[in-house]
>>> print(open('entry_2.cif').read())   # mmCIF, C-alpha atoms
data_my_file
loop_
_atom_site.label_atom_id
_atom_site.label_comp_id
_atom_site.auth_asym_id
_atom_site.auth_seq_id
_atom_site.Cartn_x
_atom_site.Cartn_y
_atom_site.Cartn_z
CA MET V 1 98.76 102.04 94.28
CA ARG V 2 97.59 105.66 94.31
CA HIS V 3 97.52 105.66 98.13
CA TYR V 4 101.11 104.37 98.30
CA ALA V 5 102.17 106.98 95.73
CA ALA V 6 100.51 109.81 97.67
CA GLN V 7 102.31 108.73 100.86
CA ASN V 8 105.60 109.15 98.96
CA ASN V 9 104.76 112.56 97.43
CA LEU V 10 103.84 111.11 94.06
CA LYS V 11 100.78 111.23 91.83
CA ALA V 12 100.13 108.06 89.82
CA GLU V 13 97.76 107.29 86.97
CA LEU V 14 97.64 103.76 85.53
CA ARG V 15 95.52 100.87 84.37
CA LEU V 16 96.00 97.47 86.03
CA GLU V 17 95.01 94.12 84.54
CA GLY V 18 95.58 90.50 85.47
CA SER V 19 95.27 88.35 88.55
CA VAL V 20 96.83 89.03 91.94
CA PHE V 21 97.63 85.32 92.13
CA ASN V 22 100.04 84.96 89.19
CA ASN V 23 100.32 87.94 86.80
CA LEU V 24 99.93 91.68 86.65
CA THR V 25 99.88 94.01 83.65
CA VAL V 26 100.35 97.76 83.99
CA ARG V 27 99.36 100.02 81.11
CA ASN V 28 99.89 103.74 80.68
CA LEU V 29 101.66 104.34 83.99
CA HIS V 30 102.36 108.02 84.62
CA VAL V 31 103.96 109.06 87.90
CA VAL V 32 105.01 112.60 88.82
CA SER V 33 106.45 114.11 91.95
CA THR V 34 104.17 116.28 94.10
CA GLY V 35 106.80 117.10 96.74
CA ALA V 36 110.07 115.87 98.19
CA SER V 37 110.71 112.57 96.39
CA PRO V 38 113.67 110.97 94.61
CA VAL V 39 111.25 110.07 91.78
CA ASP V 40 110.88 112.98 89.37
CA SER V 41 108.75 111.08 86.84
CA ILE V 42 107.99 107.61 85.52
CA ASP V 43 106.24 106.91 82.23
CA ILE V 44 105.69 103.30 81.14
CA ASP V 45 103.43 102.34 78.25
CA PHE V 46 103.37 98.61 79.06
CA ALA V 47 104.72 96.38 81.83
CA ARG V 48 103.80 92.76 82.51
CA PHE V 49 104.97 90.58 85.39
CA THR V 50 104.32 86.92 86.08
CA TYR V 51 105.13 85.52 89.48
CA SER V 52 104.64 82.58 91.81
CA LEU V 53 103.25 83.04 95.29
CA ILE V 54 104.09 79.38 95.95
CA GLY V 55 107.69 80.03 94.84
CA LEU V 56 107.84 82.96 97.26
CA TRP V 57 106.52 80.81 100.07
CA ARG V 58 108.82 77.84 99.33
CA SER V 59 112.11 79.52 98.40
CA GLY V 60 111.82 83.20 99.25
CA PRO V 61 112.06 86.29 97.02
CA ILE V 62 114.61 84.84 94.57
CA ASP V 63 111.96 82.43 93.17
CA PHE V 64 109.02 84.85 93.28
CA LEU V 65 109.31 86.79 89.99
CA ARG V 66 109.07 84.59 86.87
CA THR V 67 109.04 87.11 84.02
CA ALA V 68 109.24 90.87 83.64
CA GLU V 69 108.47 92.71 80.42
CA VAL V 70 108.72 96.50 80.13
CA ARG V 71 108.12 98.39 76.88
CA SER V 72 108.49 102.10 76.15
CA ALA V 73 109.55 103.40 79.56
CA ARG V 74 111.27 106.54 80.80
CA VAL V 75 112.29 106.94 84.44
CA VAL V 76 113.74 110.17 85.84
CA LEU V 77 115.22 110.11 89.37
CA ASP V 78 116.64 112.96 91.44
CA PRO V 79 118.33 111.50 94.55
CA ALA V 80 119.00 115.01 95.91
CA LYS V 81 115.26 115.37 96.56
CA ALA V 82 115.07 112.20 98.69
CA LYS V 83 113.98 112.58 102.28
CA ILE V 84 116.51 110.85 104.52
CA LYS V 85 114.55 109.36 107.40
CA LYS V 86 117.53 108.10 109.36
CA VAL V 87 121.24 108.20 108.69
CA PRO V 88 122.39 104.59 108.12
CA SER V 89 125.07 103.16 110.37
CA PRO V 90 128.51 103.09 108.71
CA ASN V 91 128.74 99.40 109.69
CA LYS V 92 125.47 98.49 107.97
CA LYS V 93 125.96 96.11 105.04
CA VAL V 94 124.60 97.34 101.71
CA THR V 95 122.51 94.67 99.97
CA LEU V 96 120.85 94.30 96.59
CA PRO V 97 117.17 93.48 96.15
CA SER V 98 116.65 89.73 96.20
CA ILE V 99 113.77 89.72 93.71
CA VAL V 100 115.37 88.77 90.39
CA PRO V 101 113.28 87.61 87.40
CA GLN V 102 113.88 84.26 85.72
CA SER V 103 113.58 86.08 82.38
CA ALA V 104 113.07 89.69 81.33
CA LEU V 105 112.48 91.83 78.28
CA LEU V 106 113.28 95.54 78.33
CA SER V 107 112.38 97.31 75.11
CA ASP V 108 112.99 101.05 74.61
CA VAL V 109 113.71 101.73 78.29
CA SER V 110 115.42 104.96 79.33
CA LEU V 111 116.75 106.03 82.74
CA LEU V 112 117.98 109.45 83.85
CA ILE V 113 119.51 109.91 87.31
CA LYS V 114 120.09 113.59 87.96
CA ASP V 115 123.39 114.41 89.63
CA THR V 116 126.09 117.06 89.80
CA PRO V 117 128.26 117.58 87.83
CA HIS V 118 127.01 114.88 85.41
CA ASP V 119 123.79 112.91 85.15
CA THR V 120 123.71 109.16 84.66
CA VAL V 121 121.84 108.42 81.43
CA ILE V 122 120.74 105.21 79.75
CA GLU V 123 118.73 105.91 76.61
CA HIS V 124 116.80 103.37 74.58
CA LEU V 125 117.94 100.13 76.20
CA TYR V 126 116.92 96.94 74.42
CA LEU V 127 117.75 93.88 76.53
CA HIS V 128 116.23 90.39 76.52
CA LEU V 129 117.29 88.18 79.41
CA ASP V 130 116.46 84.75 78.04
CA PRO V 131 117.53 81.72 80.13
CA ARG V 132 117.62 79.49 77.01
CA ASN V 133 119.18 81.58 74.22
CA THR V 134 121.86 84.18 73.64
CA ARG V 135 120.31 87.47 72.54
CA ASP V 136 121.53 90.74 71.04
CA PHE V 137 121.21 93.87 73.09
CA ARG V 138 121.88 97.55 72.59
CA ILE V 139 121.94 100.90 74.31
CA ASP V 140 121.66 103.96 72.08
CA ARG V 141 123.35 106.26 74.63
CA LEU V 142 125.11 105.75 77.94
CA GLN V 143 126.46 108.55 80.12
CA LEU V 144 128.27 107.61 83.30
CA PRO V 145 128.40 109.72 86.50
CA ALA V 146 131.99 110.79 85.74
CA GLY V 147 130.79 112.29 82.44
CA GLN V 148 131.93 109.68 79.93
CA ASN V 149 129.51 109.38 77.01
CA PHE V 150 129.08 106.33 74.80
CA ALA V 151 126.78 105.83 71.81
CA ASN V 152 125.52 102.70 70.12
CA ILE V 153 126.64 100.08 72.63
CA VAL V 154 125.96 96.61 71.27
CA GLY V 155 126.70 93.04 72.23
CA GLN V 156 125.20 89.69 73.09
CA ASP V 157 123.79 88.60 76.42
CA SER V 158 122.93 85.28 78.00
CA TYR V 159 121.03 84.74 81.22
CA ALA V 160 121.18 81.23 82.66
CA ASN V 161 120.40 80.50 86.32
CA HIS V 162 120.22 84.21 87.21
CA SER V 163 123.75 84.77 85.87
CA LEU V 164 123.91 87.62 83.33
CA THR V 165 126.79 87.40 80.86
CA PHE V 166 127.62 89.99 78.22
CA ARG V 167 129.87 89.02 75.31
CA ASN V 168 131.55 91.06 72.60
CA LEU V 169 130.51 94.42 74.04
CA GLN V 170 131.29 97.26 71.65
CA VAL V 171 131.67 100.36 73.86
CA GLY V 172 133.16 103.56 72.49
CA GLY V 173 135.57 101.80 70.15
CA ASP V 174 136.58 99.24 72.79
CA ASN V 175 135.65 95.57 72.69
CA ILE V 176 134.94 93.91 76.04
CA GLN V 177 135.02 90.17 75.46
CA LEU V 178 133.25 89.05 78.63
CA LEU V 179 131.41 90.67 81.55
CA ASN V 180 129.51 88.52 84.05
CA ILE V 181 127.07 89.59 86.78
CA ASP V 182 126.03 86.61 88.91
CA ALA V 183 122.72 87.25 90.66
CA SER V 184 122.32 83.57 91.56
CA LEU V 185 124.16 84.26 94.81
CA ILE V 186 121.57 86.82 95.98
CA ARG V 187 119.41 85.27 98.69
#
>>> encode(input="entry_2.cif", output="structure tokens")
Amino acid sequence: MRHYAAQNNLKAELRLEGSVFNNLTVRNLHVVSTGASPVDSIDIDFARFTYSLIGLWRSGPIDFLRTAEVRSARVVLDPAKAKIKKVPSPNKKVTLPSIVPQSALLSDVSLLIKDTPHDTVIEHLYLHLDPRNTRDFRIDRLQLPAGQNFANIVGQDSYANHSLTFRNLQVGGDNIQLLNIDASLIR
């Protein structure tokens, strides 16, 4: 991990636990930039991942990651500091990562993406992607790249078959009844 970080102009300190065959726990992860890197800093108190190497072999990346749990995390990115190795072709199709967990728990997770004129900010996200039950979620603060700011976003989420559905979103005085993001089609 430290070797990979150094190759990308980062310094990482962490404690790893678990088995390479089916689960990995990361404690006290601290990453800082040491040069040109889009990652300014990452601090995660606790992260746990369970996965299936057999699922990866049989079905590909979509069935690899079983669960992801991240608690007390803050990630700061600065895309302007990224080294561009090669300019992508304008005809190249943009794709999303195909590793999607079957369930996830994000507790007190914050993300800052530095940009001009406005940063993108997600502060204190609490989201439980449970394939069996509807759960409550909240974001204490959301700032979009265009500068809109929202506080105390709340709603319910469900997550069946890699399809994320938000219901009754309360965003800045507006109520969004239904928002669906279907990751089951990612392969």
>>> residues_around(input="entry_2.cif", residues="region 69-71 of chain V", least_positions_apart="4", cutoff="8 Å", atoms="all atoms listed in the file", output="PyMOL selection string")
chain V and resi 44-49+104-109
>>> atom_distance(input="entry_2.cif", atom1="CA of Phe150 (chain V)", atom2="CA of Val171 (chain V)")
6.6 Å
>>> resolve_selection(input="entry_2.cif", expression="the PyMOL selection byres ((chain V and resi 168) around 10)", output="PDB file with C-alpha atoms, in the coordinates of the input")
ATOM      1  CA  VAL V 154     125.960  96.610  71.270  1.00  0.00           C
ATOM      2  CA  GLY V 155     126.700  93.040  72.230  1.00  0.00           C
ATOM      3  CA  GLN V 156     125.200  89.690  73.090  1.00  0.00           C
ATOM      4  CA  ASP V 157     123.790  88.600  76.420  1.00  0.00           C
ATOM      5  CA  PHE V 166     127.620  89.990  78.220  1.00  0.00           C
ATOM      6  CA  ARG V 167     129.870  89.020  75.310  1.00  0.00           C
ATOM      7  CA  LEU V 169     130.510  94.420  74.040  1.00  0.00           C
ATOM      8  CA  GLN V 170     131.290  97.260  71.650  1.00  0.00           C
ATOM      9  CA  VAL V 171     131.670 100.360  73.860  1.00  0.00           C
ATOM     10  CA  ASP V 174     136.580  99.240  72.790  1.00  0.00           C
ATOM     11  CA  ASN V 175     135.650  95.570  72.690  1.00  0.00           C
ATOM     12  CA  ILE V 176     134.940  93.910  76.040  1.00  0.00           C
ATOM     13  CA  GLN V 177     135.020  90.170  75.460  1.00  0.00           C
ATOM     14  CA  LEU V 178     133.250  89.050  78.630  1.00  0.00           C
ATOM     15  CA  LEU V 179     131.410  90.670  81.550  1.00  0.00           C
TER      16      LEU V 179
END
>>> resolve_selection(input="entry_2.cif", expression="the PyMOL selection byres ((chain V and resi 31-35) around 9)", output="PyMOL selection string")
chain V and resi 5-6+8-14+29-30+36-43+81
>>> atom_distance(input="entry_2.cif", atom1="CA of Lys86 (chain V)", atom2="CA of Leu144 (chain V)")
28.2 Å
>>> atom_distance(input="entry_2.cif", atom1="CA of Ile122 (chain V)", atom2="CA of Gln102 (chain V)")
22.8 Å
>>> closest_residue(input="entry_2.cif", among="V:Ser89, V:Thr120, V:Ser110, V:Ser103", to="Ser72 (chain V)", atoms="only C-alpha atoms")
V:Ser110
>>> closest_residue(input="entry_2.cif", among="V:Arg74, V:Ala146, V:Ser98, V:His162", to="Leu125 (chain V)", atoms="all atoms listed in the file")
V:Arg74
>>> resolve_selection(input="entry_2.cif", expression="the PyMOL selection byres ((chain V and resi 140) around 9)", output="list in words")
Ile122, Glu123, His124, Leu125, Tyr126, Arg138, Ile139, Arg141, Leu142, Phe150, Ala151, Asn152, Ile153 and Val154 of chain V
>>> residues_around(input="entry_2.cif", residues="Thr50 (chain V)", least_positions_apart="3", cutoff="6 Å", atoms="all atoms listed in the file", output="list of chain:residue names")
V:Asn22, V:Asn23, V:Arg66, V:Thr67
>>> residues_near_point(input="entry_2.cif", point="(127.4, 117.3, 90.9)", cutoff="12 Å", atoms="all atoms listed in the file", output="PyMOL selection string")
chain V and resi 78-80+113-120+145-147
>>> closest_residue(input="entry_2.cif", among="V:Gly172, V:His128, V:Phe137, V:Leu65", to="Tyr159 (chain V)", atoms="all atoms listed in the file")
V:His128
>>> build_atoms(input="entry_2.cif", residues="region 111-122 of chain V", atoms="all heavy atoms", output="PDB file, keeping the file's coordinate frame")
ATOM      1  N   LEU V 111     116.586 105.665  81.340  1.00  0.00           N
ATOM      2  CA  LEU V 111     116.750 106.030  82.740  1.00  0.00           C
ATOM      3  C   LEU V 111     117.637 107.259  82.824  1.00  0.00           C
ATOM      4  O   LEU V 111     118.707 107.300  82.205  1.00  0.00           O
ATOM      5  CB  LEU V 111     117.371 104.881  83.531  1.00  0.00           C
ATOM      6  CG  LEU V 111     117.794 105.171  84.972  1.00  0.00           C
ATOM      7  CD1 LEU V 111     116.577 105.430  85.851  1.00  0.00           C
ATOM      8  CD2 LEU V 111     118.607 104.017  85.530  1.00  0.00           C
ATOM      9  N   LEU V 112     117.184 108.255  83.592  1.00  0.00           N
ATOM     10  CA  LEU V 112     117.980 109.450  83.850  1.00  0.00           C
ATOM     11  C   LEU V 112     118.060 109.619  85.362  1.00  0.00           C
ATOM     12  O   LEU V 112     117.035 109.692  86.041  1.00  0.00           O
ATOM     13  CB  LEU V 112     117.331 110.689  83.221  1.00  0.00           C
ATOM     14  CG  LEU V 112     117.867 112.056  83.648  1.00  0.00           C
ATOM     15  CD1 LEU V 112     119.329 112.220  83.258  1.00  0.00           C
ATOM     16  CD2 LEU V 112     117.025 113.174  83.068  1.00  0.00           C
ATOM     17  N   ILE V 113     119.289 109.636  85.893  1.00  0.00           N
ATOM     18  CA  ILE V 113     119.510 109.910  87.310  1.00  0.00           C
ATOM     19  C   ILE V 113     120.233 111.235  87.385  1.00  0.00           C
ATOM     20  O   ILE V 113     121.395 111.357  86.981  1.00  0.00           O
ATOM     21  CB  ILE V 113     120.326 108.789  87.991  1.00  0.00           C
ATOM     22  CG1 ILE V 113     119.609 107.446  87.829  1.00  0.00           C
ATOM     23  CG2 ILE V 113     120.541 109.124  89.473  1.00  0.00           C
ATOM     24  CD1 ILE V 113     120.407 106.259  88.340  1.00  0.00           C
ATOM     25  N   LYS V 114     119.529 112.255  87.898  1.00  0.00           N
ATOM     26  CA  LYS V 114     120.090 113.590  87.960  1.00  0.00           C
ATOM     27  C   LYS V 114     121.172 113.651  89.036  1.00  0.00           C
ATOM     28  O   LYS V 114     120.996 113.121  90.139  1.00  0.00           O
ATOM     29  CB  LYS V 114     118.992 114.608  88.272  1.00  0.00           C
ATOM     30  CG  LYS V 114     117.957 114.700  87.175  1.00  0.00           C
ATOM     31  CD  LYS V 114     116.882 115.697  87.527  1.00  0.00           C
ATOM     32  CE  LYS V 114     115.849 115.819  86.411  1.00  0.00           C
ATOM     33  NZ  LYS V 114     114.796 116.792  86.750  1.00  0.00           N
ATOM     34  N   ASP V 115     122.284 114.294  88.695  1.00  0.00           N
ATOM     35  CA  ASP V 115     123.390 114.410  89.630  1.00  0.00           C
ATOM     36  C   ASP V 115     124.293 115.562  89.193  1.00  0.00           C
ATOM     37  O   ASP V 115     124.202 116.040  88.066  1.00  0.00           O
ATOM     38  CB  ASP V 115     124.189 113.102  89.673  1.00  0.00           C
ATOM     39  CG  ASP V 115     125.052 112.967  90.912  1.00  0.00           C
ATOM     40  OD1 ASP V 115     124.999 113.857  91.798  1.00  0.00           O
ATOM     41  OD2 ASP V 115     125.787 111.986  91.003  1.00  0.00           O
ATOM     42  N   THR V 116     125.144 116.000  90.090  1.00  0.00           N
ATOM     43  CA  THR V 116     126.090 117.060  89.800  1.00  0.00           C
ATOM     44  C   THR V 116     127.487 116.480  89.875  1.00  0.00           C
ATOM     45  O   THR V 116     127.765 115.750  90.807  1.00  0.00           O
ATOM     46  CB  THR V 116     125.925 118.200  90.830  1.00  0.00           C
ATOM     47  OG1 THR V 116     124.575 118.653  90.808  1.00  0.00           O
ATOM     48  CG2 THR V 116     126.858 119.345  90.548  1.00  0.00           C
ATOM     49  N   PRO V 117     128.361 116.696  88.984  1.00  0.00           N
ATOM     50  CA  PRO V 117     128.260 117.580  87.830  1.00  0.00           C
ATOM     51  C   PRO V 117     127.659 116.913  86.594  1.00  0.00           C
ATOM     52  O   PRO V 117     127.300 117.587  85.643  1.00  0.00           O
ATOM     53  CB  PRO V 117     129.731 117.956  87.559  1.00  0.00           C
ATOM     54  CG  PRO V 117     130.497 116.751  87.972  1.00  0.00           C
ATOM     55  CD  PRO V 117     129.730 116.187  89.147  1.00  0.00           C
ATOM     56  N   HIS V 118     127.530 115.567  86.594  1.00  0.00           N
ATOM     57  CA  HIS V 118     127.010 114.880  85.410  1.00  0.00           C
ATOM     58  C   HIS V 118     125.885 113.929  85.795  1.00  0.00           C
ATOM     59  O   HIS V 118     125.963 113.236  86.805  1.00  0.00           O
ATOM     60  CB  HIS V 118     128.121 114.079  84.708  1.00  0.00           C
ATOM     61  CG  HIS V 118     129.298 114.904  84.312  1.00  0.00           C
ATOM     62  ND1 HIS V 118     129.280 115.766  83.249  1.00  0.00           N
ATOM     63  CD2 HIS V 118     130.537 115.013  84.851  1.00  0.00           C
ATOM     64  CE1 HIS V 118     130.444 116.368  83.141  1.00  0.00           C
ATOM     65  NE2 HIS V 118     131.233 115.927  84.104  1.00  0.00           N
ATOM     66  N   ASP V 119     124.879 113.869  84.957  1.00  0.00           N
ATOM     67  CA  ASP V 119     123.790 112.910  85.150  1.00  0.00           C
ATOM     68  C   ASP V 119     124.221 111.531  84.666  1.00  0.00           C
ATOM     69  O   ASP V 119     125.126 111.406  83.842  1.00  0.00           O
ATOM     70  CB  ASP V 119     122.557 113.340  84.336  1.00  0.00           C
ATOM     71  CG  ASP V 119     121.993 114.679  84.792  1.00  0.00           C
ATOM     72  OD1 ASP V 119     122.229 115.064  85.950  1.00  0.00           O
ATOM     73  OD2 ASP V 119     121.313 115.331  83.971  1.00  0.00           O
ATOM     74  N   THR V 120     123.560 110.510  85.196  1.00  0.00           N
ATOM     75  CA  THR V 120     123.710 109.160  84.660  1.00  0.00           C
ATOM     76  C   THR V 120     122.547 108.954  83.692  1.00  0.00           C
ATOM     77  O   THR V 120     121.390 109.178  84.049  1.00  0.00           O
ATOM     78  CB  THR V 120     123.662 108.108  85.776  1.00  0.00           C
ATOM     79  OG1 THR V 120     124.734 108.372  86.693  1.00  0.00           O
ATOM     80  CG2 THR V 120     123.789 106.704  85.212  1.00  0.00           C
ATOM     81  N   VAL V 121     122.859 108.534  82.476  1.00  0.00           N
ATOM     82  CA  VAL V 121     121.840 108.420  81.430  1.00  0.00           C
ATOM     83  C   VAL V 121     121.971 107.080  80.730  1.00  0.00           C
ATOM     84  O   VAL V 121     123.058 106.688  80.314  1.00  0.00           O
ATOM     85  CB  VAL V 121     121.987 109.558  80.387  1.00  0.00           C
ATOM     86  CG1 VAL V 121     120.930 109.423  79.298  1.00  0.00           C
ATOM     87  CG2 VAL V 121     121.924 110.924  81.048  1.00  0.00           C
ATOM     88  N   ILE V 122     120.853 106.379  80.616  1.00  0.00           N
ATOM     89  CA  ILE V 122     120.740 105.210  79.750  1.00  0.00           C
ATOM     90  C   ILE V 122     119.559 105.496  78.835  1.00  0.00           C
ATOM     91  O   ILE V 122     118.434 105.632  79.318  1.00  0.00           O
ATOM     92  CB  ILE V 122     120.487 103.910  80.540  1.00  0.00           C
ATOM     93  CG1 ILE V 122     121.633 103.638  81.516  1.00  0.00           C
ATOM     94  CG2 ILE V 122     120.273 102.733  79.588  1.00  0.00           C
ATOM     95  CD1 ILE V 122     121.359 102.496  82.472  1.00  0.00           C
TER      96      ILE V 122
END
